[in-house]
Amino acid sequence: MSAKAIYEAKGKELLNKYLTDEAAKNRFAVVTETVNWDTLTADHPWLLTEKLVVKPDQLIKRRGKLGLIKAGVDLEGVKEWLKNKLGREFEIGVAKGKLKNFIIEPFIKHEQNEEFYLCIYSSRYCDTILFHHEGGIDIGDVDAKAVKLDIPVLEEVSDSDIKSKLLSKAPASAKEPLTKFIKALYTQYRNLHFTYLEINPLVFTGGRLYILDLAAKIDQCAEYLCKSLWGDLEFPPPFGRDALPEEAYIAELDAKSGASLKLTILNKSGRIWTMVAGGGASVIYADTICDLGGAKDLANYGEYSGAPSEQQTYEYAKTILSLMTAEIHPDGKILIVGGGIANFTNVAATFKGIVRALREYQQKLIEGNVSVYVRRAGPNYQEGLRIMRELGNTLGIPIHVFGPETHMTAIVSMALGKREIPHTPRQMNTTANFLLPTGGASPATSRRGSVNEPSSRSEGKVTVPDQSQQASSKSERTQTLFTEKTQCIVWGMQQRAVQGMLDFDYVCSRREPSVVAMIYPFTGDHKQKFYWGHKEILVPVYKNMADAMKKHPQADVLINFASLRSAFESTMETMTYPQIRSIAIIAEGIPENLTRQIIKEADKKGVFVIGPATVGGVKPGCFKIGNTGGMLDNILASKLFRPGSVAYVSRSGGMSNELNNIISLNTNGVYEGIAIGGDRYPGTTFMDHILRYQDDPNVKMIILLGEVGGTEEYHLVSAMKSGRVNKPVVAWCIGTCAKMFTSDVQFGHAGACANAEAETASAKNQALTDAKAYVPKSFDELGTLIKDVYDKLVENGTIVPEPEQPPPTVPMDYTWARELGLIRKPASFMTSICDERGQELLYAGIPITDIFKEDMGIGGVLSLLWFQRRLPKYATKFIEMCLMVTADHGPAVSGAHNTIVCARAGKDLVSCLASGLLTIGDRFGGALDAAAKQFSDAYTSDMIPMEFVNNMRKEGKLIMGIGHRVKSINNPDMRVVILKEYAKKNFPATPLLDYAIEVEKITTSKKPNLILNVDGFIGVAFVDLLNNCGCFTGEEARELIDVGALNGLFVLGRSMGFIGHFLDQKRLKQGLYRHPWDDISYIMPETMGLMGEDTDKI
């Protein structure tokens, strides 16, 4: 939701902060059930000395008339009054809730004639200020009484307008203060992104203005602009519905996700639970449940959409199941996993998350006698339905699974026993059948009808108006938006959407691709590769919009995939180029003030804006916006590759695809379809498109899918009554369930909220019926009614169906073919240590969260990544000790020296590190593996230490791991001492280490510095570890030594030291290193007489 109500206390806090001396500062104290009166009075001493007013602060309207305000009492009187209120149940109409949040303020003594009413609210083209010179609880019908001043978007309010249009009946003494206050208040209203602000009463007494009661809504989408201005801002639930921890958790997930996740608990004890994909679809499912008598049993409202990941869907489903299974219902419970036909969401991925959650709650679902009903379609839906059906075979509860062959809401009537559940699976053509040349039936008959049996209401009673005379007047905005030659520019690196558009172009038999360029400001100009049918093409990508426009002047459409934070700027920039006639804004969550500025500029420039918060639209055979229409299988099944005779307009992007399906099943197909977007202020309205359809002779029938909230549908009612629209209109407004809820529920779309009776879905549906539109009884009957109207148009010759022509075959993308299991390909790489593909990184099969929970440390991680084992704790500790003791050995050793020289030459970190690492070998640091091999071979061949030393001497070989330039038997290397003590104390056995110590005794007897050095010790000790920890076979241990695993310890450890030397040199700002002459012995050849006489003379 965009506009959300805030606490009165928060509203007054914001006005205190940003208004100056225009009104008295609001003093208030907040009281909750956990109040400590001593602390409260210490923080607000005026509570002890002044008369007070106390009232609940829980979004309750008409508190005075409900007896919920106590005025003119002292603190003891407040406490006494709160005894019967605070924490107690209270009933307001049908809503029941607990009073748990109150606000106390100083009582401002005044007369009735000193009270005023003031309200500011926003609409599409302006902000409106309402003022009445008589305020208070008895104001009555404000709309009828108050005077109003409209302030167009981006314009300022003047003192003269305030005085002349609002304050004509205000007392003379109050006019100047009121003018100053209203002007300042309106400035903050805009700056803080309020969408509604009501003060009643506003009191002028003693020469000062006081804000007594305040109600406000604020645009939540503006948080990224106003977070620092707002501070901590809480959006309380409406009275009668407590905010549950589960709702807060889903809201937190939603805030962190690019997808949309919503959950509202209506009745925790209800038996009907929903898990619906799509903002529009979620409303329709709720409508259908209520229409079929399930309102009192409906437990929740919510939706997930915008391609959530498997993990996000899992968390969402798990939260719902935890609530659902908390109580047992005697009649069992119903879970409806529903949705329309997705445009771009991978159905299989989301279903995998739901399946995980269902498996986790298997036992509780069985105990609760839960039945699950599934209906879904869209990208990869076949795989999603398959895993759901397989789950049904093992979960132990009934799971009924349906795809696009079944009407979207049919599963509701099945679940409620209103319709028989079909037990014979219907044949469905798969993606492969549609896209591979040898498979499947023709697209025209690819799906079975989802038409319901004709109802008694509609059977044989459909008549259509005479279209022989077209309406004469035409709007200035009724031009054709798209043709088969339309070219567009895409803002954003959206390869999948662009490829989908090009595939659509190809199956529509367009001569040229519709996408001519892309704009992506985060990279330089380049070209991006795509497929055009069977061949590859290059689409230019520009960093700057100006370059794209200049080089592609024929492009007149821009599809804007920019994020909500940059969509406004990029759209406004687009409208500076006259060549652009249409813009589609995909992003959801653009602040309303910014959207209204876009609308104003678009109206000024004559540009059609589709969106924000939309998937776009489609004109079959010509052009589609972005992901509209979904994958190719749906485009072909819904016959979107050629034009039909039916045009529709919808708010919901997800439901637009469902409409494509319904229309294709019941008519000759879609001529054009537009989803204007779910925000409160879409760039274009229903009527902008309906008038285009009315004036297009190819459109024979119009479908409107409206929704609760706003009044746009009434413009169609007026147009139909005046004759401006005289083509058959089938209309349905979703959200009829809203009237059955005991508290306000914000539906999936920001604009889906009724602020008056006329904005309810039921009122709109009745008005459309009165205007002679064809309005079904419910969404369940929409397909039936569309078919009835279409058949009548065919019967009277208005529509003449044409034979189907098969579209060109488009090869399936490799990625989707692989996901559907249609192909296999040998992998170029294999890995067995790490998997980053899922929702959580796995090291040797262990989730990264478990690694942290179990505090496995660096040693544990190395044991997984290097050895694919969970080694014992003592072993992982030993690994960490080895890394610590090998981290560095001073700047004089060759590796550190090279690193330092490289750093002083100004090279980067990686280059300096590589310079040091390249010195590691048998002579420096690389003796671990060699020492391990030499000592192991000698030990396993039963060679006594003396024999081993003698053999190595005879062969003229050095014993790897023996000898040190500085340390000796008399000056031992403490690194070796520490490691030796640890190994002896913790290792199960150390036979090879014991053998090496015996060798050391022999070598040091000859020369004291021929000690077992740190390389040799780690080498032999690690062999003991591998052989005796119980985690490896002898063959596996030997293989690890042979492949160089032990040297990896020195490389990894010493890398830490090399990086330290690099950082040290940079910190010390050391210049270029040049080796001093006096440290170099210059030994040149004797030249005299050796190079000839001529040379000698030189």
# chains A, B, ... in the order shown; residues from 1 in each chain; ligands from 1
$ select_by_dssp --residues "segment 795-1019 of chain A" --states "strand (DSSP E or B)" --output "ChimeraX atom specification"
/A:834-835,842-843,846-847,921,925,962,1012
$ residues_around --residues "Gly1019 of chain A" --least-positions-apart "6" --cutoff "9 Å" --atoms "only C-alpha atoms" --output "VMD selection string"
chain A and resid 927 to 933 935 961 1041 1046 to 1047
$ residues_around --residues "segment 616-619 of chain A" --least-positions-apart "4" --cutoff "9 Å" --atoms "only C-alpha atoms" --output "VMD selection string"
chain A and resid 482 to 484 559 584 to 586 610 to 611 623 to 629 640 to 643 649 653 656 670 to 677
$ residues_around --residues "Gly135 of chain A" --least-positions-apart "6" --cutoff "9 Å" --atoms "only C-alpha atoms" --output "ChimeraX atom specification"
/A:112-118,200-203
$ select_by_dssp --residues "segment 363-408 of chain A" --states "helix (DSSP H, G or I)" --output "mmCIF file with C-alpha atoms, in the first residue's frame"
data_model
loop_
_atom_site.group_PDB
_atom_site.id
_atom_site.type_symbol
_atom_site.label_atom_id
_atom_site.label_comp_id
_atom_site.auth_asym_id
_atom_site.auth_seq_id
_atom_site.Cartn_x
_atom_site.Cartn_y
_atom_site.Cartn_z
ATOM 1 C CA GLN A 363 2.339 -34.059 10.580
ATOM 2 C CA LYS A 364 0.429 -30.966 11.684
ATOM 3 C CA LEU A 365 -1.387 -30.804 8.345
ATOM 4 C CA ILE A 366 -2.485 -34.410 8.782
ATOM 5 C CA GLU A 367 -3.590 -33.773 12.360
ATOM 6 C CA TYR A 381 4.173 -24.177 -14.554
ATOM 7 C CA GLN A 382 4.278 -27.781 -15.825
ATOM 8 C CA GLU A 383 7.193 -28.567 -13.533
ATOM 9 C CA GLY A 384 5.513 -26.721 -10.666
ATOM 10 C CA LEU A 385 2.293 -28.692 -11.015
ATOM 11 C CA ARG A 386 4.261 -31.933 -11.347
ATOM 12 C CA ILE A 387 6.064 -31.476 -8.039
ATOM 13 C CA MET A 388 2.764 -30.545 -6.389
ATOM 14 C CA ARG A 389 1.141 -33.733 -7.697
ATOM 15 C CA GLU A 390 4.089 -35.812 -6.539
ATOM 16 C CA LEU A 391 3.806 -34.208 -3.119
ATOM 17 C CA GLY A 392 0.157 -35.207 -3.015
ATOM 18 C CA ASN A 393 1.177 -38.844 -3.398
ATOM 19 C CA THR A 394 3.406 -38.780 -0.305
#
$ closest_residue --among "A:Thr990, A:Thr614, A:Asn26, A:Asn634" --to "Phe1022 of chain A" --atoms "only C-alpha atoms"
A:Thr990
